[in-house]
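What follows is a set of notes on a single structure, which appears directly below.
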Amino acid sequence: MANEAKPCPCDIGDRMEYGALGQEVQMEHFKAYVVKPSTASDKAIIVIQDIFGWQLPNTRYMADMLAANGYIAICPDFFVGKEPWSPTKDWSNFQEWLQDKKEVDAVLKFLKNQCGAKHIGVVGFCWGGVATHYLALLYPEIKAGVSVYGIVREREDRYELKSPTLFVFAENDSVIPLDQVSALEANLKEKCKVDYQVKIFPGQTHGFVHRKREDINPADKPYIQEARKDLLNWLNTYM
């Protein structure tokens with residue numbers, strides 16, 4: 001998610017050539033990518049895309065990783081077939097844009113009624129990291145959230161999380177300066193009543209968790225793997 005004054009850098013990184021293991025399903029008025037673990041599970045994760053949308057192979061790779069670790073994973077088309085949110089748009093209107101979406105409730109209903117999910121978490125990247133932060137504020141039924149390089153700036157209640165949330169940031173993220181990360185952590189310490197963690201990965205840039213390929217970025221590989229392990233450990237702890 002970009003700073004309001006700067007463009008979103010989600011094009012930084014590598015686009016994977018990846019076929020994915022799940023399937024696309026129709027859900028009310030929009031579609032979603034769904035992948036299930038090899039054994040039955042009542043735990044599900046909503047995976048929220050960056051601005052490149054729900055069909056980006058990198059994001060589906062992350063969903064498949066979650067399924068390989070025992071979770072039903074669903075990546076909905078939260079843009080509902082429309083043009084993804086553009087980095088040239090006014091970010092101050094993002095909250096209004098998000099609140100106009102009824103798809104979150106539809107996804108929760110689908111997971112409960114069609115997949116038998118009893119424990120639901122959310123993971124989001126960039127644009128989806130901001131959306132994850134929002135959901136952690138608005139949906140107490142979300143058991144755990146992982147916001148990956150995303151931060152809510154415009155809500156007065158943005159530190160009053162309802163769900164345990166892990167925030168992952170990159171040290172060299174040009175649009176989320178470290179002073180904003182420090183302010184987030186300080187205010188969470190003062191105002192948040194649920195568990196949270198804020199972690200900064202040294203030397204990393206925006207998109208490193210899902211947009212960098214560890215096979216061609218050997219110097220970054222340990223940090224990519226550590227962040228993904230942290231993501232899974234957080235979900236395993238609170239789900």
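Residues are referred to by chain and number: the chain letter is A, B, ... according to the order shown in the structure tokens, the number counts from 1 in that chain, and ligands are numbered separately from 1 in the order shown.
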Please list as an mmCIF file with all heavy atoms, in the first residue's frame every residue within 8 Å of His210 (chain A), counting only C-alpha atoms and excluding residues in the same chain fewer than 6 positions away.
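Saved the output as selection36.cif:
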data_model
loop_
_atom_site.group_PDB
_atom_site.id
_atom_site.type_symbol
_atom_site.label_atom_id
_atom_site.label_comp_id
_atom_site.auth_asym_id
_atom_site.auth_seq_id
_atom_site.Cartn_x
_atom_site.Cartn_y
_atom_site.Cartn_z
ATOM 1 N N ASN A 58 2.009 -14.946 -7.763
ATOM 2 C CA ASN A 58 2.710 -14.833 -6.490
ATOM 3 C C ASN A 58 1.758 -14.994 -5.310
ATOM 4 O O ASN A 58 2.072 -15.656 -4.320
ATOM 5 C CB ASN A 58 3.401 -13.473 -6.389
ATOM 6 C CG ASN A 58 4.364 -13.199 -7.509
ATOM 7 O OD1 ASN A 58 3.964 -13.194 -8.674
ATOM 8 N ND2 ASN A 58 5.624 -12.968 -7.180
ATOM 9 N N THR A 59 0.590 -14.377 -5.413
ATOM 10 C CA THR A 59 -0.379 -14.443 -4.324
ATOM 11 C C THR A 59 -0.974 -15.839 -4.222
ATOM 12 O O THR A 59 -1.196 -16.354 -3.114
ATOM 13 C CB THR A 59 -1.486 -13.391 -4.533
ATOM 14 O OG1 THR A 59 -0.874 -12.114 -4.732
ATOM 15 C CG2 THR A 59 -2.404 -13.332 -3.328
ATOM 16 N N MET A 62 1.292 -18.067 -2.339
ATOM 17 C CA MET A 62 1.163 -17.909 -0.888
ATOM 18 C C MET A 62 -0.056 -18.646 -0.362
ATOM 19 O O MET A 62 -0.020 -19.252 0.711
ATOM 20 C CB MET A 62 1.094 -16.420 -0.530
ATOM 21 C CG MET A 62 2.320 -15.610 -0.937
ATOM 22 S SD MET A 62 3.866 -16.228 -0.244
ATOM 23 C CE MET A 62 3.594 -15.931 1.496
ATOM 24 N N PHE A 125 -1.227 -8.597 1.559
ATOM 25 C CA PHE A 125 0.044 -8.057 1.087
ATOM 26 C C PHE A 125 -0.172 -6.691 0.447
ATOM 27 O O PHE A 125 -1.023 -6.544 -0.431
ATOM 28 C CB PHE A 125 0.662 -9.017 0.067
ATOM 29 C CG PHE A 125 0.822 -10.416 0.601
ATOM 30 C CD1 PHE A 125 -0.183 -11.355 0.425
ATOM 31 C CD2 PHE A 125 1.966 -10.770 1.308
ATOM 32 C CE1 PHE A 125 -0.052 -12.638 0.935
ATOM 33 C CE2 PHE A 125 2.105 -12.051 1.826
ATOM 34 C CZ PHE A 125 1.099 -12.990 1.633
#
Practice task
Show which residues sit within 8 Å of region 138-151 of chain A, as a ChimeraX atom specification. Count only C-alpha atoms, and ignore same-chain residues fewer than 3 positions away.
Solution key: /A:1,119-135,162-170,176,206-207,209,231,234-235,238-239
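With only C-alpha atoms taken into account, the protein and nucleic acid residues at most 9 Å from region 108-117 of chain A (excluding it and anything under 6 positions from it in its own chain) are A:Met27, A:Ser41, A:Asp42, A:Lys43, A:Ala44, A:Ile46, A:Ile72, A:Ile74.
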Just to be explicit: take each residue in the selection above, keep N, CA, C and O atoms, and write the result as an mmCIF file, in the first residue's frame.
data_model
loop_
_atom_site.group_PDB
_atom_site.id
_atom_site.type_symbol
_atom_site.label_atom_id
_atom_site.label_comp_id
_atom_site.auth_asym_id
_atom_site.auth_seq_id
_atom_site.Cartn_x
_atom_site.Cartn_y
_atom_site.Cartn_z
ATOM 1 N N MET A 27 -18.687 -17.168 -6.423
ATOM 2 C CA MET A 27 -19.235 -16.912 -5.089
ATOM 3 C C MET A 27 -20.153 -15.700 -5.175
ATOM 4 O O MET A 27 -19.675 -14.576 -5.290
ATOM 5 N N SER A 41 -9.861 -29.800 7.259
ATOM 6 C CA SER A 41 -9.516 -28.754 8.221
ATOM 7 C C SER A 41 -10.706 -27.837 8.437
ATOM 8 O O SER A 41 -11.501 -27.614 7.520
ATOM 9 N N ASP A 42 -10.842 -27.330 9.652
ATOM 10 C CA ASP A 42 -11.882 -26.333 9.941
ATOM 11 C C ASP A 42 -11.258 -24.950 10.137
ATOM 12 O O ASP A 42 -11.887 -24.047 10.682
ATOM 13 N N LYS A 43 -10.011 -24.797 9.666
ATOM 14 C CA LYS A 43 -9.316 -23.524 9.764
ATOM 15 C C LYS A 43 -9.111 -22.949 8.366
ATOM 16 O O LYS A 43 -8.659 -23.660 7.470
ATOM 17 N N ALA A 44 -9.443 -21.683 8.204
ATOM 18 C CA ALA A 44 -9.372 -21.061 6.871
ATOM 19 C C ALA A 44 -8.707 -19.698 6.955
ATOM 20 O O ALA A 44 -8.852 -18.979 7.952
ATOM 21 N N ILE A 46 -8.255 -16.084 4.737
ATOM 22 C CA ILE A 46 -8.573 -15.203 3.617
ATOM 23 C C ILE A 46 -7.271 -14.525 3.200
ATOM 24 O O ILE A 46 -6.623 -13.857 4.007
ATOM 25 N N ILE A 72 -7.423 -24.165 4.836
ATOM 26 C CA ILE A 72 -8.179 -23.798 3.643
ATOM 27 C C ILE A 72 -7.783 -22.363 3.319
ATOM 28 O O ILE A 72 -7.785 -21.505 4.195
ATOM 29 N N ILE A 74 -8.372 -19.011 0.721
ATOM 30 C CA ILE A 74 -9.244 -18.424 -0.290
ATOM 31 C C ILE A 74 -8.746 -17.033 -0.630
ATOM 32 O O ILE A 74 -8.482 -16.208 0.258
#
Exercise for the section: Extract, using only C-alpha atoms, all DNA, RNA and protein residues at most 12 Å from Tyr61 (chain A), discarding same-chain residues fewer than 2 positions from it, and format them as a PyMOL selection string. Expected result: chain A and resi 15-22+33-35+47+49+54-59+63-68+73-75+209-213+228
How would the residues just chosen look if you wrote them out with C-alpha atoms as a PDB file, in the first residue's frame?
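Once written, part-v2.pdb looks like this:
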ATOM      1  CA  ARG A  15       6.346 -12.124 -11.131  1.00  0.00           C
ATOM      2  CA  MET A  16       6.290 -15.869 -10.668  1.00  0.00           C
ATOM      3  CA  GLU A  17       5.510 -18.304 -13.419  1.00  0.00           C
ATOM      4  CA  TYR A  18       3.327 -20.521 -11.302  1.00  0.00           C
ATOM      5  CA  GLY A  19       0.393 -22.712 -12.204  1.00  0.00           C
ATOM      6  CA  ALA A  20      -1.288 -22.930  -8.781  1.00  0.00           C
ATOM      7  CA  LEU A  21      -2.892 -25.966  -7.153  1.00  0.00           C
ATOM      8  CA  GLY A  22      -6.411 -24.763  -6.380  1.00  0.00           C
ATOM      9  CA  TYR A  33      -9.381 -18.826  -5.843  1.00  0.00           C
ATOM     10  CA  VAL A  34      -9.750 -21.683  -3.347  1.00  0.00           C
ATOM     11  CA  VAL A  35      -7.186 -24.286  -2.342  1.00  0.00           C
ATOM     12  CA  VAL A  47      -5.646 -14.127   1.426  1.00  0.00           C
ATOM     13  CA  GLN A  49      -4.084  -9.510  -2.888  1.00  0.00           C
ATOM     14  CA  TRP A  54      -6.448 -12.003  -7.162  1.00  0.00           C
ATOM     15  CA  GLN A  55      -4.967 -13.806 -10.182  1.00  0.00           C
ATOM     16  CA  LEU A  56      -1.348 -12.814  -9.563  1.00  0.00           C
ATOM     17  CA  PRO A  57       0.624 -16.095  -9.416  1.00  0.00           C
ATOM     18  CA  ASN A  58       2.710 -14.833  -6.490  1.00  0.00           C
ATOM     19  CA  THR A  59      -0.379 -14.443  -4.324  1.00  0.00           C
ATOM     20  CA  ALA A  63      -2.341 -19.368  -0.718  1.00  0.00           C
ATOM     21  CA  ASP A  64      -0.981 -22.759  -1.742  1.00  0.00           C
ATOM     22  CA  MET A  65       1.710 -22.455   0.936  1.00  0.00           C
ATOM     23  CA  LEU A  66      -1.019 -21.961   3.530  1.00  0.00           C
ATOM     24  CA  ALA A  67      -2.918 -24.996   2.243  1.00  0.00           C
ATOM     25  CA  ALA A  68       0.263 -27.074   2.458  1.00  0.00           C
ATOM     26  CA  ALA A  73      -7.026 -20.736   1.713  1.00  0.00           C
ATOM     27  CA  ILE A  74      -9.244 -18.424  -0.290  1.00  0.00           C
ATOM     28  CA  CYS A  75      -8.138 -15.467  -2.377  1.00  0.00           C
ATOM     29  CA  VAL A 209       7.661 -11.630   1.210  1.00  0.00           C
ATOM     30  CA  HIS A 210       5.564 -12.454  -1.840  1.00  0.00           C
ATOM     31  CA  ARG A 211       7.147 -10.604  -4.763  1.00  0.00           C
ATOM     32  CA  LYS A 212      10.782 -11.651  -4.433  1.00  0.00           C
ATOM     33  CA  ARG A 213      11.798 -15.083  -5.675  1.00  0.00           C
ATOM     34  CA  ARG A 228       6.950 -16.671   5.816  1.00  0.00           C
TER      35      ARG A 228
END
Fill in the blank from the handout: Ala136 (chain A) proximity check over A:Lys191, A:Phe208, A:Tyr159, A:Pro76, using only C-alpha atoms: winner is A:Tyr159
Handout entry: For Lys199 (chain A), the nearest of the candidates A:Leu184, A:Gln26, A:Asp50, A:Asp77, counting only C-alpha atoms
Key = A:Leu184
Problem - Members of region 11-196 of chain A assigned strand (DSSP E) by DSSP, as a PyMOL selection string - result: chain A and resi 23-27+30-35+43-48+72-76+119-125+142-148+165-170+196
Problem - Members of region 61-224 of chain A assigned alpha helix (DSSP H) by DSSP, as a PyMOL selection string - result: chain A and resi 61-68+94-99+103-114+127-138+178-191+208-211+221-224
Residues as selected, C-alpha atoms, written as an mmCIF file, in the first residue's frame, can you do that?
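This went into result-v4.cif:
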data_model
loop_
_atom_site.group_PDB
_atom_site.id
_atom_site.type_symbol
_atom_site.label_atom_id
_atom_site.label_comp_id
_atom_site.auth_asym_id
_atom_site.auth_seq_id
_atom_site.Cartn_x
_atom_site.Cartn_y
_atom_site.Cartn_z
ATOM 1 C CA TYR A 61 1.625 -19.320 -4.398
ATOM 2 C CA MET A 62 1.163 -17.909 -0.888
ATOM 3 C CA ALA A 63 -2.341 -19.368 -0.718
ATOM 4 C CA ASP A 64 -0.981 -22.759 -1.742
ATOM 5 C CA MET A 65 1.710 -22.455 0.936
ATOM 6 C CA LEU A 66 -1.019 -21.961 3.530
ATOM 7 C CA ALA A 67 -2.918 -24.996 2.243
ATOM 8 C CA ALA A 68 0.263 -27.074 2.458
ATOM 9 C CA PHE A 94 -9.539 4.063 0.339
ATOM 10 C CA GLN A 95 -11.546 3.638 3.537
ATOM 11 C CA GLU A 96 -14.748 4.645 1.760
ATOM 12 C CA TRP A 97 -13.901 2.279 -1.096
ATOM 13 C CA LEU A 98 -13.306 -0.592 1.302
ATOM 14 C CA GLN A 99 -16.439 0.022 3.373
ATOM 15 C CA GLU A 103 -17.646 -9.213 -0.336
ATOM 16 C CA VAL A 104 -15.959 -9.806 3.026
ATOM 17 C CA ASP A 105 -19.254 -10.931 4.558
ATOM 18 C CA ALA A 106 -19.902 -13.169 1.558
ATOM 19 C CA VAL A 107 -16.474 -14.784 1.934
ATOM 20 C CA LEU A 108 -17.038 -15.429 5.636
ATOM 21 C CA LYS A 109 -20.413 -16.986 4.853
ATOM 22 C CA PHE A 110 -18.905 -19.178 2.124
ATOM 23 C CA LEU A 111 -16.106 -20.401 4.376
ATOM 24 C CA LYS A 112 -18.502 -21.278 7.179
ATOM 25 C CA ASN A 113 -21.312 -22.819 5.126
ATOM 26 C CA GLN A 114 -19.458 -24.384 2.199
ATOM 27 C CA TRP A 127 -3.016 -3.190 -0.549
ATOM 28 C CA GLY A 128 -4.163 -6.377 1.143
ATOM 29 C CA GLY A 129 -2.009 -5.591 4.166
ATOM 30 C CA VAL A 130 -3.989 -2.409 4.688
ATOM 31 C CA ALA A 131 -7.241 -4.326 4.190
ATOM 32 C CA THR A 132 -6.034 -6.881 6.755
ATOM 33 C CA HIS A 133 -5.433 -4.081 9.254
ATOM 34 C CA TYR A 134 -8.976 -2.843 8.597
ATOM 35 C CA LEU A 135 -10.494 -6.279 9.115
ATOM 36 C CA ALA A 136 -8.591 -6.671 12.376
ATOM 37 C CA LEU A 137 -10.310 -3.480 13.516
ATOM 38 C CA LEU A 138 -13.802 -4.359 12.287
ATOM 39 C CA LEU A 178 10.408 3.592 9.687
ATOM 40 C CA ASP A 179 9.082 6.538 11.683
ATOM 41 C CA GLN A 180 5.549 5.462 10.718
ATOM 42 C CA VAL A 181 6.334 1.922 11.823
ATOM 43 C CA SER A 182 7.717 3.205 15.130
ATOM 44 C CA ALA A 183 4.601 5.335 15.653
ATOM 45 C CA LEU A 184 2.389 2.321 14.942
ATOM 46 C CA GLU A 185 4.237 0.219 17.497
ATOM 47 C CA ALA A 186 4.220 2.947 20.152
ATOM 48 C CA ASN A 187 0.491 3.568 19.779
ATOM 49 C CA LEU A 188 -0.349 -0.134 19.756
ATOM 50 C CA LYS A 189 1.579 -0.505 23.003
ATOM 51 C CA GLU A 190 -0.529 2.246 24.527
ATOM 52 C CA LYS A 191 -3.962 1.474 23.083
ATOM 53 C CA PHE A 208 9.886 -8.991 -0.405
ATOM 54 C CA VAL A 209 7.661 -11.630 1.210
ATOM 55 C CA HIS A 210 5.564 -12.454 -1.840
ATOM 56 C CA ARG A 211 7.147 -10.604 -4.763
ATOM 57 C CA LYS A 221 16.348 -15.717 0.803
ATOM 58 C CA PRO A 222 16.858 -15.986 4.611
ATOM 59 C CA TYR A 223 14.604 -12.984 5.212
ATOM 60 C CA ILE A 224 11.924 -14.183 2.813
#
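A straight line drawn from CA of His29 (chain A) to CA of Gly53 (chain A) is 16.4 Å long.
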Fill in the blank from the handout: CA of Phe78 (chain A) sits from CA of Gln225 (chain A) at a separation of 27.2 Å
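Minimum distance to Val175 (chain A) across A:Val25, A:Thr205, A:Ile45, A:Phe79 (counting only C-alpha atoms) occurs at A:Thr205.
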